[in-house]
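A.B. asks: For reference, the structure I am asking about is given below.
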Amino acid sequence: MSHPTTWDHPEPLAVSSAPVPHYGTGSLADLLPTLAAGMDVPDMARAIPELAPADRNCVFLIDGLGWEQLRDHPDEAPFMSSLMSSSRGGTGRPITTGYPATTATSLASVGTGLPPGAHGLPGYTVRNPATGELMNQLRWQPWTDPRAWQPYPTVFQLADRAGVHTAQVSSPTFENTPLTKIALSGGTFRGKLTGEDRMDLAAEQLAAGDRSLVYTYYAEVDGKGHRFGVDSDAWRGQLMYVDRLVQRLAEQLPPRAALYVTADHGMIDIPFDEQHRIDFDEDWELRAGVALLGGEGRARHVYAVPGAEADVLTCWREVLGEQFWVASREEAIAAGWFGPTVDERVYARIGDVVAAARDDVLIVASEREPRESAMVGNHGSMTPAEQLVPLLQVRS
């Protein structure tokens, strides 16, 4: 694929112009600590001050349902749309996910109450410094010791120790996965296959303690978005279904309870043409000096051959800098992309070069990542369509 020559490009996007997630004041990592603090769990802080305390709290995370997608489909989601003014404690505003806006990173942020630079899941795939291999943090391949990879306790574990009744209600498939163990464990895991059964059981678990913290999850909005796009009939059908699930749960809340409906990321559809999908596997400029390509299409971690880091950064900035925020590892960390600080064990997991899409464009890898390269709906970067998620509220 040919690219315009360097002198045809405007100045590359400034790293400082990227809209950094609202760590510490309004991100997914701040949600459970805020709720736990309201239930007097020690060492938890009310980082989202708009949320009033409740004795019983339930978080329903809908995979892939961004704020903008919900806003744009009121007919398919009448119940959730009626709650949008309740978002973020009645301010009518969304919260942010964290960077990158992807499931493994976001679920770890939710469950640990920590930003990616601390919990250490800073992307879909990242380099394991101990082996030099790419580690898929969603599928946990190749196998890596979960507790060494993410050593911090979850908020559920801390709440359980403090006497709060805690439970996770999700698909039985997820009960023993490494991601669940390091991000969402603590208290009791209850597996149910159907969405309706999950809602009913979540309500039962919420009522089971004087103080309760319950998490439940639904995946298929994201699944249909990836496969068919976020404005497809299949995606709209899933949105209609999950809207009914939210209403079903809301109507069963026990006394002194609060339900929060949120998501791990939004999504954007990317056309299938060379203008919007740059194929790394066919682009010699982007491949030059690169040892490993990590992350995903809109949020890439690029690991250079030793000694080629500066050249790779220069090339990626010249080729992509009009459409992507392209930063060195140090620049991305200093800008706060992964949170206020990055733990030492996490530092080398981050790419030598980090590229986050601003425009409607992907860096695919058709040979290395055929499944991911075929997706219609995508996410990962810091644009509002990907970063902003609802925090809808129902209180009893």
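Lettering and numbering for the structure tokens are positional, with chains as A, B, ... in the shown order, residues counted from 1 in each chain, and ligands counted from 1 in the shown order.
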Name the residues in contact with Ala167 of chain A at a cut-off of 8 Å, using only C-alpha atoms, excluding same-chain residues fewer than 3 positions from it; report them as a PDB file with N, CA and C atoms, in the first residue's frame.
C.D. replies:
```
ATOM      1  N   PHE A 156     -14.022  -7.047  45.179  1.00  0.00           N
ATOM      2  CA  PHE A 156     -14.921  -8.072  45.715  1.00  0.00           C
ATOM      3  C   PHE A 156     -14.272  -8.805  46.884  1.00  0.00           C
ATOM      4  N   GLY A 186     -14.064 -13.220  44.316  1.00  0.00           N
ATOM      5  CA  GLY A 186     -14.339 -12.747  45.670  1.00  0.00           C
ATOM      6  C   GLY A 186     -15.785 -12.992  46.019  1.00  0.00           C
ATOM      7  N   GLY A 187     -16.035 -13.677  47.132  1.00  0.00           N
ATOM      8  CA  GLY A 187     -17.403 -14.050  47.451  1.00  0.00           C
ATOM      9  C   GLY A 187     -17.816 -15.268  46.667  1.00  0.00           C
ATOM     10  N   THR A 188     -18.977 -15.221  46.040  1.00  0.00           N
ATOM     11  CA  THR A 188     -19.558 -16.389  45.399  1.00  0.00           C
ATOM     12  C   THR A 188     -19.784 -16.141  43.922  1.00  0.00           C
ATOM     13  N   PHE A 189     -19.381 -17.095  43.071  1.00  0.00           N
ATOM     14  CA  PHE A 189     -19.690 -17.043  41.648  1.00  0.00           C
ATOM     15  C   PHE A 189     -20.915 -17.908  41.400  1.00  0.00           C
ATOM     16  N   ARG A 190     -21.911 -17.346  40.725  1.00  0.00           N
ATOM     17  CA  ARG A 190     -23.124 -18.087  40.379  1.00  0.00           C
ATOM     18  C   ARG A 190     -23.295 -18.062  38.870  1.00  0.00           C
ATOM     19  N   GLN A 205     -29.383 -12.372  44.977  1.00  0.00           N
ATOM     20  CA  GLN A 205     -28.107 -12.173  45.655  1.00  0.00           C
ATOM     21  C   GLN A 205     -28.016 -10.784  46.276  1.00  0.00           C
ATOM     22  N   LEU A 213     -22.791  -6.563  47.427  1.00  0.00           N
ATOM     23  CA  LEU A 213     -22.141  -6.071  46.211  1.00  0.00           C
ATOM     24  C   LEU A 213     -22.220  -7.190  45.180  1.00  0.00           C
ATOM     25  N   VAL A 214     -22.986  -6.946  44.117  1.00  0.00           N
ATOM     26  CA  VAL A 214     -23.280  -7.974  43.125  1.00  0.00           C
ATOM     27  C   VAL A 214     -22.880  -7.456  41.747  1.00  0.00           C
ATOM     28  N   TYR A 215     -22.293  -8.333  40.957  1.00  0.00           N
ATOM     29  CA  TYR A 215     -21.885  -8.009  39.586  1.00  0.00           C
ATOM     30  C   TYR A 215     -22.545  -9.008  38.649  1.00  0.00           C
TER      31      TYR A 215
END
```
A.B. asks: Within 10 Å of segment 324-343 of chain A, which residues of segment 66-103 of chain A show up? Give each one with its shortest atom-to-atom distance in Å (one decimal) and the two atoms involved, counting only C-alpha atoms, rows by chain then rising residue number, as a Markdown table.
C.D. replies:
```
| residue | atom | partner | partner_atom | distance |
| --- | --- | --- | --- | --- |
| A:Gly98 | CA | A:Phe338 | CA | 7.2 |
| A:Tyr99 | CA | A:Phe338 | CA | 5.8 |
| A:Pro100 | CA | A:Phe338 | CA | 7.9 |
```
A.B. asks: If we count only C-alpha atoms and set the cut-off at 12 Å, which residues sit around Tyr241 of chain A, ignoring sequence neighbours fewer than 5 positions away in its own chain? Please answer as a PyMOL selection string.
C.D. replies: chain A and resi 62+76-80+194-196+218-221+234-236+246-248
A.B. asks: Kindly assemble as a tab-separated table a list of the segment 130-157 of chain A residues that lie within 12 Å of segment 289-296 of chain A, each paired with its nearest atom pair and their distance in Å to one decimal, using only C-alpha atoms, sorted first by chain and then by ascending residue number.
C.D. replies:
```
residue	atom	partner	partner_atom	distance
A:Gly132	CA	A:Leu292	CA	9.0
A:Glu133	CA	A:Leu292	CA	8.3
A:Leu134	CA	A:Gly294	CA	6.8
A:Met135	CA	A:Gly294	CA	8.7
A:Asn136	CA	A:Gly295	CA	8.9
A:Gln137	CA	A:Gly295	CA	10.0
A:Leu138	CA	A:Gly295	CA	11.3
```
A.B. asks: Taking the DSSP assignment computed from this structure's backbone, write out as a ChimeraX atom specification all residues of segment 52-171 of chain A that belong to strand (DSSP E).
C.D. replies: /A:56-62,95-96,125-127,134-136,165-170
A.B. asks: Tell me, in Å to one decimal, how far atom CA of Gly90 of chain A is from atom CA of Ala52 of chain A.
C.D. replies: 10.0 Å
A.B. asks: Which residues, written as JSON, numbers by chain, have at least one atom at most 8 Å from Leu114 of chain A, with only C-alpha atoms counted and residues fewer than 5 positions away on the same chain left out?
C.D. replies: {"A": [29, 30, 108, 109, 119]}
A.B. asks: May I have the residues from that selection written out with N, CA and C atoms, as a PDB file, in the first residue's frame?
C.D. replies:
```
ATOM      1  N   ALA A  29     -12.457   2.247  36.633  1.00  0.00           N
ATOM      2  CA  ALA A  29     -11.669   1.843  37.792  1.00  0.00           C
ATOM      3  C   ALA A  29     -12.138   2.501  39.078  1.00  0.00           C
ATOM      4  N   ASP A  30     -12.910   3.558  38.963  1.00  0.00           N
ATOM      5  CA  ASP A  30     -13.365   4.291  40.150  1.00  0.00           C
ATOM      6  C   ASP A  30     -14.728   3.824  40.659  1.00  0.00           C
ATOM      7  N   ALA A 108     -10.607  -5.829  34.169  1.00  0.00           N
ATOM      8  CA  ALA A 108      -9.612  -5.764  35.237  1.00  0.00           C
ATOM      9  C   ALA A 108      -9.716  -4.440  35.992  1.00  0.00           C
ATOM     10  N   SER A 109      -9.977  -3.354  35.279  1.00  0.00           N
ATOM     11  CA  SER A 109     -10.148  -2.061  35.938  1.00  0.00           C
ATOM     12  C   SER A 109     -11.374  -2.063  36.840  1.00  0.00           C
ATOM     13  N   HIS A 119      -2.945  -2.523  37.401  1.00  0.00           N
ATOM     14  CA  HIS A 119      -3.360  -3.938  37.362  1.00  0.00           C
ATOM     15  C   HIS A 119      -2.584  -4.729  36.322  1.00  0.00           C
TER      16      HIS A 119
END
```
A.B. asks: Any idea what's packed within 9 Å of Pro151 of chain A, counting only C-alpha atoms, ignoring anything in its chain fewer than 3 positions away? Could you give it as a PyMOL selection string?
C.D. replies: chain A and resi 119+146-148+182
A.B. asks: Name all residues at most 6 Å from segment 252-265 of chain A (count only C-alpha atoms; drop same-chain ones fewer than 6 positions away) and give them as a list in words.
C.D. replies: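 Returned residues: Ala54, Asp55, Arg56, Asn57, Cys58, Val59, Phe60, Leu61, Ile62, Asp63, Gly64, Leu65, Gly66, Ala101, Thr103, Ser106, Ala203, Ala207, Glu386, Gln387, Val389, Pro390, Leu391, Leu392, Gln393, Val394, Arg395 and Ser396 of chain A.
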A.B. asks: Using only C-alpha atoms, please write the residues we just selected to a file, as an mmCIF file, in the first residue's frame.
C.D. replies:
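The resulting file, result23.cif, is reproduced below:
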```cif
data_model
loop_
_atom_site.group_PDB
_atom_site.id
_atom_site.type_symbol
_atom_site.label_atom_id
_atom_site.label_comp_id
_atom_site.auth_asym_id
_atom_site.auth_seq_id
_atom_site.Cartn_x
_atom_site.Cartn_y
_atom_site.Cartn_z
ATOM 1 C CA ALA A 54 -26.415 2.464 49.151
ATOM 2 C CA ASP A 55 -26.388 -0.634 51.349
ATOM 3 C CA ARG A 56 -26.899 -2.944 48.391
ATOM 4 C CA ASN A 57 -25.193 -2.294 45.068
ATOM 5 C CA CYS A 58 -25.458 -4.172 41.788
ATOM 6 C CA VAL A 59 -23.317 -3.472 38.712
ATOM 7 C CA PHE A 60 -24.680 -4.796 35.415
ATOM 8 C CA LEU A 61 -21.967 -4.587 32.754
ATOM 9 C CA ILE A 62 -23.153 -4.849 29.148
ATOM 10 C CA ASP A 63 -20.193 -5.705 26.966
ATOM 11 C CA GLY A 64 -19.807 -3.257 24.088
ATOM 12 C CA LEU A 65 -22.620 -0.792 24.823
ATOM 13 C CA GLY A 66 -21.069 2.662 24.606
ATOM 14 C CA ALA A 101 -11.009 0.579 25.631
ATOM 15 C CA THR A 103 -12.684 -5.971 27.445
ATOM 16 C CA SER A 106 -11.748 -2.786 31.349
ATOM 17 C CA ALA A 203 -31.729 -9.686 42.427
ATOM 18 C CA ALA A 207 -31.247 -9.166 48.790
ATOM 19 C CA GLU A 386 -15.120 3.970 22.277
ATOM 20 C CA GLN A 387 -14.279 5.615 25.602
ATOM 21 C CA VAL A 389 -19.864 4.458 28.642
ATOM 22 C CA PRO A 390 -23.089 4.946 30.578
ATOM 23 C CA LEU A 391 -23.472 4.683 34.331
ATOM 24 C CA LEU A 392 -27.260 4.438 34.465
ATOM 25 C CA GLN A 393 -28.841 4.290 37.910
ATOM 26 C CA VAL A 394 -31.986 2.812 39.437
ATOM 27 C CA ARG A 395 -32.539 3.062 43.186
ATOM 28 C CA SER A 396 -35.180 1.407 45.345
#
```
A.B. asks: Quick one: everything within 12 Å of Glu175 of chain A, counting only C-alpha atoms, minus sequence neighbours fewer than 2 positions away in the same chain. Send it as a PyMOL selection string.
C.D. replies: chain A and resi 167-173+177-186+188-193
A.B. asks: Just the selected residues (C-alpha atoms), exported as an mmCIF file, in the first residue's frame, please.
C.D. replies:
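Written out: part.cif:
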```cif
data_model
loop_
_atom_site.group_PDB
_atom_site.id
_atom_site.type_symbol
_atom_site.label_atom_id
_atom_site.label_comp_id
_atom_site.auth_asym_id
_atom_site.auth_seq_id
_atom_site.Cartn_x
_atom_site.Cartn_y
_atom_site.Cartn_z
ATOM 1 C CA ALA A 167 -21.456 -12.347 44.283
ATOM 2 C CA GLN A 168 -20.776 -12.521 40.570
ATOM 3 C CA VAL A 169 -23.619 -13.744 38.343
ATOM 4 C CA SER A 170 -22.487 -14.582 34.829
ATOM 5 C CA SER A 171 -22.211 -17.372 32.273
ATOM 6 C CA PRO A 172 -20.888 -20.627 33.771
ATOM 7 C CA THR A 173 -18.236 -20.513 31.029
ATOM 8 C CA THR A 177 -11.118 -18.468 33.658
ATOM 9 C CA PRO A 178 -7.878 -16.720 34.654
ATOM 10 C CA LEU A 179 -9.391 -13.336 33.817
ATOM 11 C CA THR A 180 -12.254 -13.966 36.234
ATOM 12 C CA LYS A 181 -9.841 -15.142 38.920
ATOM 13 C CA ILE A 182 -7.619 -12.064 38.790
ATOM 14 C CA ALA A 183 -10.292 -9.452 38.059
ATOM 15 C CA LEU A 184 -13.722 -10.519 39.307
ATOM 16 C CA SER A 185 -13.286 -13.113 42.050
ATOM 17 C CA GLY A 186 -14.339 -12.747 45.670
ATOM 18 C CA THR A 188 -19.558 -16.389 45.399
ATOM 19 C CA PHE A 189 -19.690 -17.043 41.648
ATOM 20 C CA ARG A 190 -23.124 -18.087 40.379
ATOM 21 C CA GLY A 191 -23.379 -19.301 36.804
ATOM 22 C CA LYS A 192 -26.594 -19.008 34.788
ATOM 23 C CA LEU A 193 -26.966 -19.460 31.062
#
```
